[in-house]
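Engineer: Got a structure here, written out as structure tokens. Questions coming.
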Amino acid sequence: MAYPSLSPLVEQGLLDEILDNLGFIHANDHCRRNCTHCPAFGDTSPVQMTPFATLTRLVRDVGEAFRDRGISPKRSIVSWRISDPLDYHVRDGETTRNTFDVARIWREHLGQGLYLVTNGSEGKRFARTALRQIAARPDVLSQAKLTITPCDQGWGSERYLQNIADDISVLAPLWDLGSTRMEDPDGLRFRINLKSTADRREEALEFMARAMDLAGLDAGAAQKALADPRRISAKDIYDLGSYVGDSPVVNAISIKGESGKRFKDTAQTRSHHQYGIYPDGAVRVIDMYEFKVYEATGEGGAPLRVDLRAA
């Protein structure tokens with residue numbers, strides 16, 4: 001059978017619908033970084049990582065299914081959601097695979113570069129290696145966003161400052177390239193998201209200046225980056241909830257309506273409901289505006305899954 005890992009979706013007659021609304025093929029899921037602004041704050045679940053050989057076959061099958069229908073993905077398909085893509089590292093025979101390897105198979109089989117949003121390498125060797133490999137092969141990347149925030153657990157330490165500066169020095173050359181991410185065609189290949197509440201904005205900007213100096217950017221280049229929101233974008237922090245309830249970030253902007261439910265309409269860059277394929281093989285519906293996840297179901301209400309044994 002063509003694309004054997006997707007055979008359960010074919011049998012249910014749902015493959016076309018899934019492809020039409022596919023937004024995620026998770027290389028990794030869950031996160032233990034515990035950044036206080038993130039919906040993953042308080043998550044104590046084990047981090048899940050899809051074995052690289054399994055991920056490769058699954059992505060190959062998805063890409064083949066798109067090609068057989070004469071269509072391309074409608075959106076950037078990402079390998080993470082509330083996890084950090086740079087945390088992906090798995091043994092594959094005698095080799096350790098990292099996010100660069102994920103980006104390679106995205107380019108090869110899905111015809112698009114990988115979209116990364118990361119809080120940085122944290123100085124981990126495998127993550128720093130992945131960043132260097134990606135920077136040397138920017139064709140495998142559609143856009144990288146480095147989040148810098150007082151909400152990071154490392155904020156205030158010299159180690160955090162040095163690690164962020166090192167990551168900026170690796171990625172800064174990508175400011176010279178345009179974004180290939182379909183949702184941001186006018187952007188650049190690299191952007192820093194400087195996320196803070198309004199009362200900590202000056203603190204964040206001061207940190208940003210120190211990090212760029214430590215990264216080796218001269219005063220002119222640093223000023224150019226700060227003046228261009230395509231390079232450095234100062235962003236507010238919203239209360240997106242967490243595993244322990246409301247966001248613990250003081251002065252985070254509420255997105256709760258009169259009903260008490262969170263809702264953040266971002267229709268300009270993402271559709272409301274998207275499907276995700278998870279490391280356990282489950283297919284889930286992700287509500288991108290309410291930040292909730294539901295099991296996708298097929299005939300008889302049974303949960304939908306792909307066949308990772310065939311992948």
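Each chain in the structure tokens gets a letter, A, B, ..., in the order shown, and its residues are numbered from 1; ligands are numbered from 1 in order too.
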Would you kindly return, as a list of chain:residue names, each protein, DNA or RNA residue with an atom no farther than 8 Å from any atom of Ser196 of chain A, considering only C-alpha atoms and excluding same-chain residues fewer than 3 positions away?
Structural biologist: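 Within the cut-off, the hits are A:Thr149, A:Pro150, A:Cys151, A:Asp199, A:Arg200, A:Arg201, A:Ala204, A:Ala234, A:Lys235, A:Asp236, A:Ile237.
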Engineer: If we count only C-alpha atoms, what is near segment 26-39 of chain A at a cut-off of 6 Å, once residues fewer than 5 positions away on the same chain are taken out, given as a PyMOL selection string?
Structural biologist: chain A and resi 47-50+79-80+83+151-153+240-242+278
Engineer: Would you output that residue set with all heavy atoms, as an mmCIF file, in the first residue's frame?
Structural biologist:
```cif
data_model
loop_
_atom_site.group_PDB
_atom_site.id
_atom_site.type_symbol
_atom_site.label_atom_id
_atom_site.label_comp_id
_atom_site.auth_asym_id
_atom_site.auth_seq_id
_atom_site.Cartn_x
_atom_site.Cartn_y
_atom_site.Cartn_z
ATOM 1 N N VAL A 47 9.227 14.019 28.315
ATOM 2 C CA VAL A 47 9.376 14.530 26.959
ATOM 3 C C VAL A 47 9.380 13.344 25.996
ATOM 4 O O VAL A 47 10.079 12.353 26.215
ATOM 5 C CB VAL A 47 10.679 15.338 26.819
ATOM 6 C CG1 VAL A 47 10.879 15.779 25.373
ATOM 7 C CG2 VAL A 47 10.644 16.552 27.744
ATOM 8 N N GLN A 48 8.558 13.435 24.962
ATOM 9 C CA GLN A 48 8.460 12.366 23.962
ATOM 10 C C GLN A 48 9.196 12.782 22.694
ATOM 11 O O GLN A 48 9.070 13.919 22.242
ATOM 12 C CB GLN A 48 6.992 12.087 23.624
ATOM 13 C CG GLN A 48 6.174 11.538 24.771
ATOM 14 C CD GLN A 48 4.717 11.350 24.369
ATOM 15 O OE1 GLN A 48 4.079 12.258 23.862
ATOM 16 N NE2 GLN A 48 4.189 10.164 24.616
ATOM 17 N N MET A 49 9.944 11.852 22.129
ATOM 18 C CA MET A 49 10.652 12.107 20.876
ATOM 19 C C MET A 49 10.401 10.949 19.922
ATOM 20 O O MET A 49 10.539 9.792 20.297
ATOM 21 C CB MET A 49 12.144 12.297 21.115
ATOM 22 C CG MET A 49 12.445 13.476 22.028
ATOM 23 S SD MET A 49 14.167 13.971 22.028
ATOM 24 C CE MET A 49 14.160 15.125 23.418
ATOM 25 N N THR A 50 10.021 11.280 18.706
ATOM 26 C CA THR A 50 9.767 10.262 17.703
ATOM 27 C C THR A 50 11.095 9.730 17.181
ATOM 28 O O THR A 50 11.957 10.515 16.772
ATOM 29 C CB THR A 50 8.967 10.846 16.521
ATOM 30 O OG1 THR A 50 7.792 11.485 17.020
ATOM 31 C CG2 THR A 50 8.575 9.747 15.537
ATOM 32 N N SER A 79 7.339 20.860 13.563
ATOM 33 C CA SER A 79 7.721 19.608 14.228
ATOM 34 C C SER A 79 7.559 19.688 15.742
ATOM 35 O O SER A 79 8.008 18.802 16.455
ATOM 36 C CB SER A 79 9.182 19.286 13.908
ATOM 37 O OG SER A 79 10.050 20.262 14.489
ATOM 38 N N TRP A 80 6.924 20.720 16.239
ATOM 39 C CA TRP A 80 6.809 20.986 17.665
ATOM 40 C C TRP A 80 5.533 21.790 17.862
ATOM 41 O O TRP A 80 4.967 22.338 16.933
ATOM 42 C CB TRP A 80 8.000 21.837 18.128
ATOM 43 C CG TRP A 80 8.188 23.019 17.208
ATOM 44 C CD1 TRP A 80 8.921 23.056 16.060
ATOM 45 C CD2 TRP A 80 7.541 24.299 17.304
ATOM 46 N NE1 TRP A 80 8.786 24.274 15.437
ATOM 47 C CE2 TRP A 80 7.943 25.062 16.175
ATOM 48 C CE3 TRP A 80 6.673 24.872 18.228
ATOM 49 C CZ2 TRP A 80 7.506 26.365 15.956
ATOM 50 C CZ3 TRP A 80 6.230 26.173 17.997
ATOM 51 C CH2 TRP A 80 6.660 26.899 16.870
ATOM 52 N N SER A 83 6.629 22.647 22.760
ATOM 53 C CA SER A 83 7.921 22.068 23.104
ATOM 54 C C SER A 83 8.963 22.871 22.338
ATOM 55 O O SER A 83 8.616 23.670 21.477
ATOM 56 C CB SER A 83 7.971 20.583 22.720
ATOM 57 O OG SER A 83 7.575 20.400 21.378
ATOM 58 N N CYS A 151 10.966 35.560 31.273
ATOM 59 C CA CYS A 151 10.223 34.390 31.758
ATOM 60 C C CYS A 151 11.028 33.107 31.667
ATOM 61 O O CYS A 151 10.582 32.058 32.120
ATOM 62 C CB CYS A 151 8.925 34.240 30.971
ATOM 63 S SG CYS A 151 7.794 35.627 31.162
ATOM 64 N N ASP A 152 12.208 33.166 31.049
ATOM 65 C CA ASP A 152 13.064 31.988 30.974
ATOM 66 C C ASP A 152 13.642 31.707 32.350
ATOM 67 O O ASP A 152 14.011 32.621 33.090
ATOM 68 C CB ASP A 152 14.192 32.227 29.959
ATOM 69 C CG ASP A 152 14.891 30.949 29.568
ATOM 70 O OD1 ASP A 152 15.643 30.401 30.410
ATOM 71 O OD2 ASP A 152 14.709 30.491 28.431
ATOM 72 N N GLN A 153 13.749 30.432 32.692
ATOM 73 C CA GLN A 153 14.272 30.058 34.004
ATOM 74 C C GLN A 153 15.712 30.525 34.220
ATOM 75 O O GLN A 153 16.155 30.711 35.362
ATOM 76 C CB GLN A 153 14.190 28.540 34.195
ATOM 77 C CG GLN A 153 12.775 28.002 34.342
ATOM 78 C CD GLN A 153 12.101 28.470 35.611
ATOM 79 O OE1 GLN A 153 12.711 28.551 36.668
ATOM 80 N NE2 GLN A 153 10.815 28.789 35.515
ATOM 81 N N LEU A 240 -1.745 32.683 28.247
ATOM 82 C CA LEU A 240 -2.216 31.571 27.423
ATOM 83 C C LEU A 240 -2.559 30.348 28.264
ATOM 84 O O LEU A 240 -2.853 29.288 27.723
ATOM 85 C CB LEU A 240 -1.152 31.202 26.381
ATOM 86 C CG LEU A 240 -0.657 32.347 25.500
ATOM 87 C CD1 LEU A 240 0.392 31.835 24.514
ATOM 88 C CD2 LEU A 240 -1.810 33.020 24.757
ATOM 89 N N GLY A 241 -2.526 30.526 29.604
ATOM 90 C CA GLY A 241 -2.775 29.394 30.479
ATOM 91 C C GLY A 241 -1.517 28.558 30.643
ATOM 92 O O GLY A 241 -0.469 28.822 30.049
ATOM 93 N N SER A 242 -1.619 27.534 31.464
ATOM 94 C CA SER A 242 -0.493 26.641 31.716
ATOM 95 C C SER A 242 -1.038 25.338 32.276
ATOM 96 O O SER A 242 -2.249 25.179 32.468
ATOM 97 C CB SER A 242 0.483 27.277 32.712
ATOM 98 O OG SER A 242 -0.069 27.263 34.019
ATOM 99 N N TYR A 278 1.167 12.992 16.549
ATOM 100 C CA TYR A 278 1.986 13.023 17.758
ATOM 101 C C TYR A 278 2.956 11.844 17.828
ATOM 102 O O TYR A 278 2.775 10.843 17.114
ATOM 103 C CB TYR A 278 1.070 13.054 18.982
ATOM 104 C CG TYR A 278 0.478 14.427 19.224
ATOM 105 C CD1 TYR A 278 -0.521 14.934 18.403
ATOM 106 C CD2 TYR A 278 0.955 15.235 20.253
ATOM 107 C CE1 TYR A 278 -1.048 16.210 18.605
ATOM 108 C CE2 TYR A 278 0.433 16.504 20.471
ATOM 109 C CZ TYR A 278 -0.566 16.981 19.646
ATOM 110 O OH TYR A 278 -1.071 18.244 19.839
#
```
Engineer: Please run DSSP on the backbone and report, as a PyMOL selection string, all residues within segment 83-169 of chain A that come out as helix (DSSP H, G or I).
Structural biologist: chain A and resi 85-87+99-110+125-136+138-140+158-169
Engineer: Apply DSSP to the structure's backbone, then extract all residues of segment 19-253 of chain A labelled strand (DSSP E or B) and return them as a PyMOL selection string.
Structural biologist: chain A and resi 22-25+28-29+48-49+78+90-92+95-97+114-118+141-148+178+188+190-195+232-235+238-239+242+245+253
Engineer: At a cut-off of 12 Å, using only C-alpha atoms, what residues contact Ser271 of chain A? Leave out same-chain residues fewer than 4 positions from it and give the result as a list in words.
Structural biologist: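 The residues satisfying every condition are Asp20, Asn21, Leu22, Gly23, Lys74, Arg75, Ser76, Glu183, Lys264, Asp265, Thr266, Ala267, Tyr275, Val285, Ile286, Asp287, Met288, Tyr289 and Glu290 of chain A.
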Engineer: Could you tell me which of A:Val249, A:Leu188, A:Ala198, A:Ala211 comes closest to Asn163 of chain A if we count only C-alpha atoms?
Structural biologist: A:Ala211
Engineer: When you draw a straight line from atom CA of Val283 of chain A to atom CA of Ile25 of chain A, how long is it in Å?
Structural biologist: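 One can read the atom CA of Val283 of chain A to atom CA of Ile25 of chain A distance as 9.4 Å.
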Engineer: Nearest residue to Ala53 of chain A out of A:Thr95, A:Gln12, A:Gln223, A:Asn193, using only C-alpha atoms?
Structural biologist: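 Ranking A:Thr95, A:Gln12, A:Gln223, A:Asn193 by distance to Ala53 of chain A, first place goes to A:Thr95.
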Engineer: With distances taken over only C-alpha atoms, which residue among A:Gln274, A:Thr147, A:Ser121, A:Ser45 lies nearest Arg231 of chain A?
Structural biologist: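 Under the stated criterion, the closest residue is A:Thr147.
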Engineer: Using only C-alpha atoms, which residue out of A:Ile82, A:Gly281, A:Arg210, A:Ile192 lies closest to Asp43 of chain A?
Structural biologist: A:Ile82
Engineer: What separation in Å, quoted to one decimal, exists between atom CA of Leu217 of chain A and atom CA of Ala135 of chain A?
Structural biologist: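 Pair atom CA of Leu217 of chain A / atom CA of Ala135 of chain A returns 16.9 Å.
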Engineer: Which residues come within 9 Å of segment 166-179 of chain A, counting only C-alpha atoms, excluding same-chain residues fewer than 3 positions away, as a VMD selection string?
Structural biologist: chain A and resid 120 to 123 128 131 to 132 134 to 135 138 141 to 144 146 161 to 163 182 184 to 192 211 to 212 214 to 217 225 230 to 231
Engineer: How would the residues just picked look written out with N, CA, C and O atoms as a CSV table (one decimal), in the first residue's frame?
Structural biologist:
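Full text of result_27.csv as output:
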```
chain,number,residue,atom,x,y,z
A,120,GLY,N,16.3,28.9,22.5
A,120,GLY,CA,17.7,28.9,22.5
A,120,GLY,C,18.3,27.5,22.7
A,120,GLY,O,17.6,26.6,23.2
A,121,SER,N,19.6,27.4,22.5
A,121,SER,CA,20.3,26.1,22.7
A,121,SER,C,20.5,25.7,24.1
A,121,SER,O,20.8,24.5,24.4
A,122,GLU,N,20.5,26.7,25.0
A,122,GLU,CA,20.9,26.5,26.4
A,122,GLU,C,22.3,26.0,26.6
A,122,GLU,O,22.7,25.4,27.6
A,123,GLY,N,23.1,26.2,25.5
A,123,GLY,CA,24.5,25.7,25.6
A,123,GLY,C,24.7,24.2,25.4
A,123,GLY,O,25.8,23.7,25.5
A,128,ARG,N,23.4,23.2,20.0
A,128,ARG,CA,24.3,24.2,19.3
A,128,ARG,C,24.8,23.6,18.0
A,128,ARG,O,24.9,24.4,17.0
A,131,LEU,N,22.1,24.2,15.5
A,131,LEU,CA,22.0,25.6,15.0
A,131,LEU,C,23.1,25.9,14.0
A,131,LEU,O,22.9,26.5,13.0
A,132,ARG,N,24.3,25.4,14.3
A,132,ARG,CA,25.4,25.7,13.3
A,132,ARG,C,25.2,25.0,12.0
A,132,ARG,O,25.4,25.6,10.9
A,134,ILE,N,22.3,24.2,10.7
A,134,ILE,CA,21.2,24.9,10.0
A,134,ILE,C,21.6,26.2,9.4
A,134,ILE,O,21.3,26.6,8.2
A,135,ALA,N,22.5,27.0,10.1
A,135,ALA,CA,23.0,28.2,9.6
A,135,ALA,C,23.8,28.0,8.4
A,135,ALA,O,23.9,28.9,7.5
A,138,PRO,N,21.0,27.1,5.1
A,138,PRO,CA,19.7,27.8,5.4
A,138,PRO,C,18.6,27.4,4.5
A,138,PRO,O,17.4,27.7,4.7
A,141,LEU,N,15.7,25.6,6.2
A,141,LEU,CA,15.0,26.5,7.2
A,141,LEU,C,14.1,27.5,6.5
A,141,LEU,O,14.5,28.1,5.5
A,142,SER,N,12.8,27.6,6.9
A,142,SER,CA,12.0,28.6,6.4
A,142,SER,C,12.1,29.9,7.2
A,142,SER,O,12.1,31.0,6.6
A,143,GLN,N,12.2,29.8,8.5
A,143,GLN,CA,12.4,30.9,9.4
A,143,GLN,C,12.7,30.4,10.8
A,143,GLN,O,12.2,29.4,11.2
A,144,ALA,N,13.6,31.1,11.4
A,144,ALA,CA,14.0,30.8,12.8
A,144,ALA,C,13.7,32.0,13.7
A,144,ALA,O,14.0,33.1,13.3
A,146,LEU,N,14.2,33.3,17.6
A,146,LEU,CA,14.8,33.1,18.9
A,146,LEU,C,14.0,33.9,19.9
A,146,LEU,O,14.0,35.1,19.8
A,161,LEU,N,22.9,34.7,29.6
A,161,LEU,CA,23.4,35.8,28.7
A,161,LEU,C,24.4,35.2,27.7
A,161,LEU,O,24.3,35.5,26.5
A,162,GLN,N,25.4,34.4,28.2
A,162,GLN,CA,26.4,33.9,27.2
A,162,GLN,C,25.8,32.9,26.2
A,162,GLN,O,26.1,33.0,25.0
A,163,ASN,N,24.9,32.1,26.7
A,163,ASN,CA,24.3,31.1,25.7
A,163,ASN,C,23.4,31.9,24.7
A,163,ASN,O,23.5,31.5,23.5
A,182,MET,N,5.7,30.6,4.4
A,182,MET,CA,4.6,31.2,3.6
A,182,MET,C,3.7,32.2,4.4
A,182,MET,O,3.1,33.1,3.8
A,184,ASP,N,4.9,34.4,6.4
A,184,ASP,CA,5.7,35.7,6.6
A,184,ASP,C,6.6,35.9,5.4
A,184,ASP,O,7.8,36.0,5.6
A,185,PRO,N,6.0,36.1,4.2
A,185,PRO,CA,6.8,36.3,3.0
A,185,PRO,C,7.7,37.5,3.0
A,185,PRO,O,8.7,37.6,2.3
A,186,ASP,N,7.3,38.5,3.8
A,186,ASP,CA,8.1,39.8,3.8
A,186,ASP,C,9.1,39.8,4.9
A,186,ASP,O,9.8,40.8,5.1
A,187,GLY,N,9.2,38.8,5.7
A,187,GLY,CA,10.1,38.8,6.9
A,187,GLY,C,11.5,38.3,6.4
A,187,GLY,O,11.8,38.1,5.3
A,188,LEU,N,12.3,38.1,7.4
A,188,LEU,CA,13.7,37.7,7.2
A,188,LEU,C,13.8,36.2,7.7
A,188,LEU,O,12.9,35.7,8.4
A,189,ARG,N,14.9,35.6,7.4
A,189,ARG,CA,15.1,34.2,7.7
A,189,ARG,C,15.3,34.0,9.3
A,189,ARG,O,15.0,32.9,9.8
A,190,PHE,N,15.7,35.1,9.9
A,190,PHE,CA,15.9,35.0,11.4
A,190,PHE,C,15.3,36.2,12.0
A,190,PHE,O,15.4,37.3,11.5
A,191,ARG,N,14.6,36.0,13.2
A,191,ARG,CA,14.1,37.1,13.9
A,191,ARG,C,14.2,36.8,15.4
A,191,ARG,O,14.1,35.6,15.8
A,192,ILE,N,14.5,37.8,16.2
A,192,ILE,CA,14.5,37.6,17.6
A,192,ILE,C,13.1,38.2,18.1
A,192,ILE,O,12.7,39.3,17.8
A,211,ALA,N,23.5,41.4,25.1
A,211,ALA,CA,23.7,40.1,24.3
A,211,ALA,C,24.3,40.3,23.0
A,211,ALA,O,25.1,39.6,22.5
A,212,MET,N,23.8,41.4,22.3
A,212,MET,CA,24.3,41.7,20.9
A,212,MET,C,25.8,42.1,21.0
A,212,MET,O,26.6,41.7,20.1
A,214,LEU,N,28.0,41.1,23.3
A,214,LEU,CA,28.7,39.9,23.6
A,214,LEU,C,28.7,38.9,22.3
A,214,LEU,O,29.7,38.2,22.2
A,215,ALA,N,27.7,39.0,21.5
A,215,ALA,CA,27.7,38.2,20.3
A,215,ALA,C,28.6,38.7,19.2
A,215,ALA,O,28.8,38.1,18.2
A,216,GLY,N,29.2,39.9,19.4
A,216,GLY,CA,30.2,40.4,18.4
A,216,GLY,C,29.6,41.4,17.4
A,216,GLY,O,30.3,41.8,16.5
A,217,LEU,N,28.3,41.8,17.6
A,217,LEU,CA,27.7,42.8,16.7
A,217,LEU,C,28.3,44.2,17.0
A,217,LEU,O,28.3,44.6,18.2
A,225,ALA,N,19.5,46.4,14.0
A,225,ALA,CA,18.6,45.3,14.4
A,225,ALA,C,17.5,45.8,15.3
A,225,ALA,O,16.3,45.4,15.2
A,230,ARG,N,11.6,43.4,11.8
A,230,ARG,CA,11.8,42.1,11.1
A,230,ARG,C,13.0,41.4,11.7
A,230,ARG,O,13.2,40.2,11.5
A,231,ARG,N,13.9,42.1,12.4
A,231,ARG,CA,15.1,41.5,13.0
A,231,ARG,C,14.9,41.3,14.5
A,231,ARG,O,15.1,40.2,15.0
```
Engineer: Using only C-alpha atoms, which residue out of A:Gly301, A:Thr44, A:Ala311, A:Gly156 lies closest to Glu203 of chain A?
Structural biologist: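 Smallest separation from Glu203 of chain A among the options: A:Gly156.
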Engineer: Which distance in Å separates atom CA of Leu6 of chain A and atom CA of Thr54 of chain A, to one decimal?
Structural biologist: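 Computing the Euclidean distance for atom CA of Leu6 of chain A and atom CA of Thr54 of chain A yields 12.5 Å.
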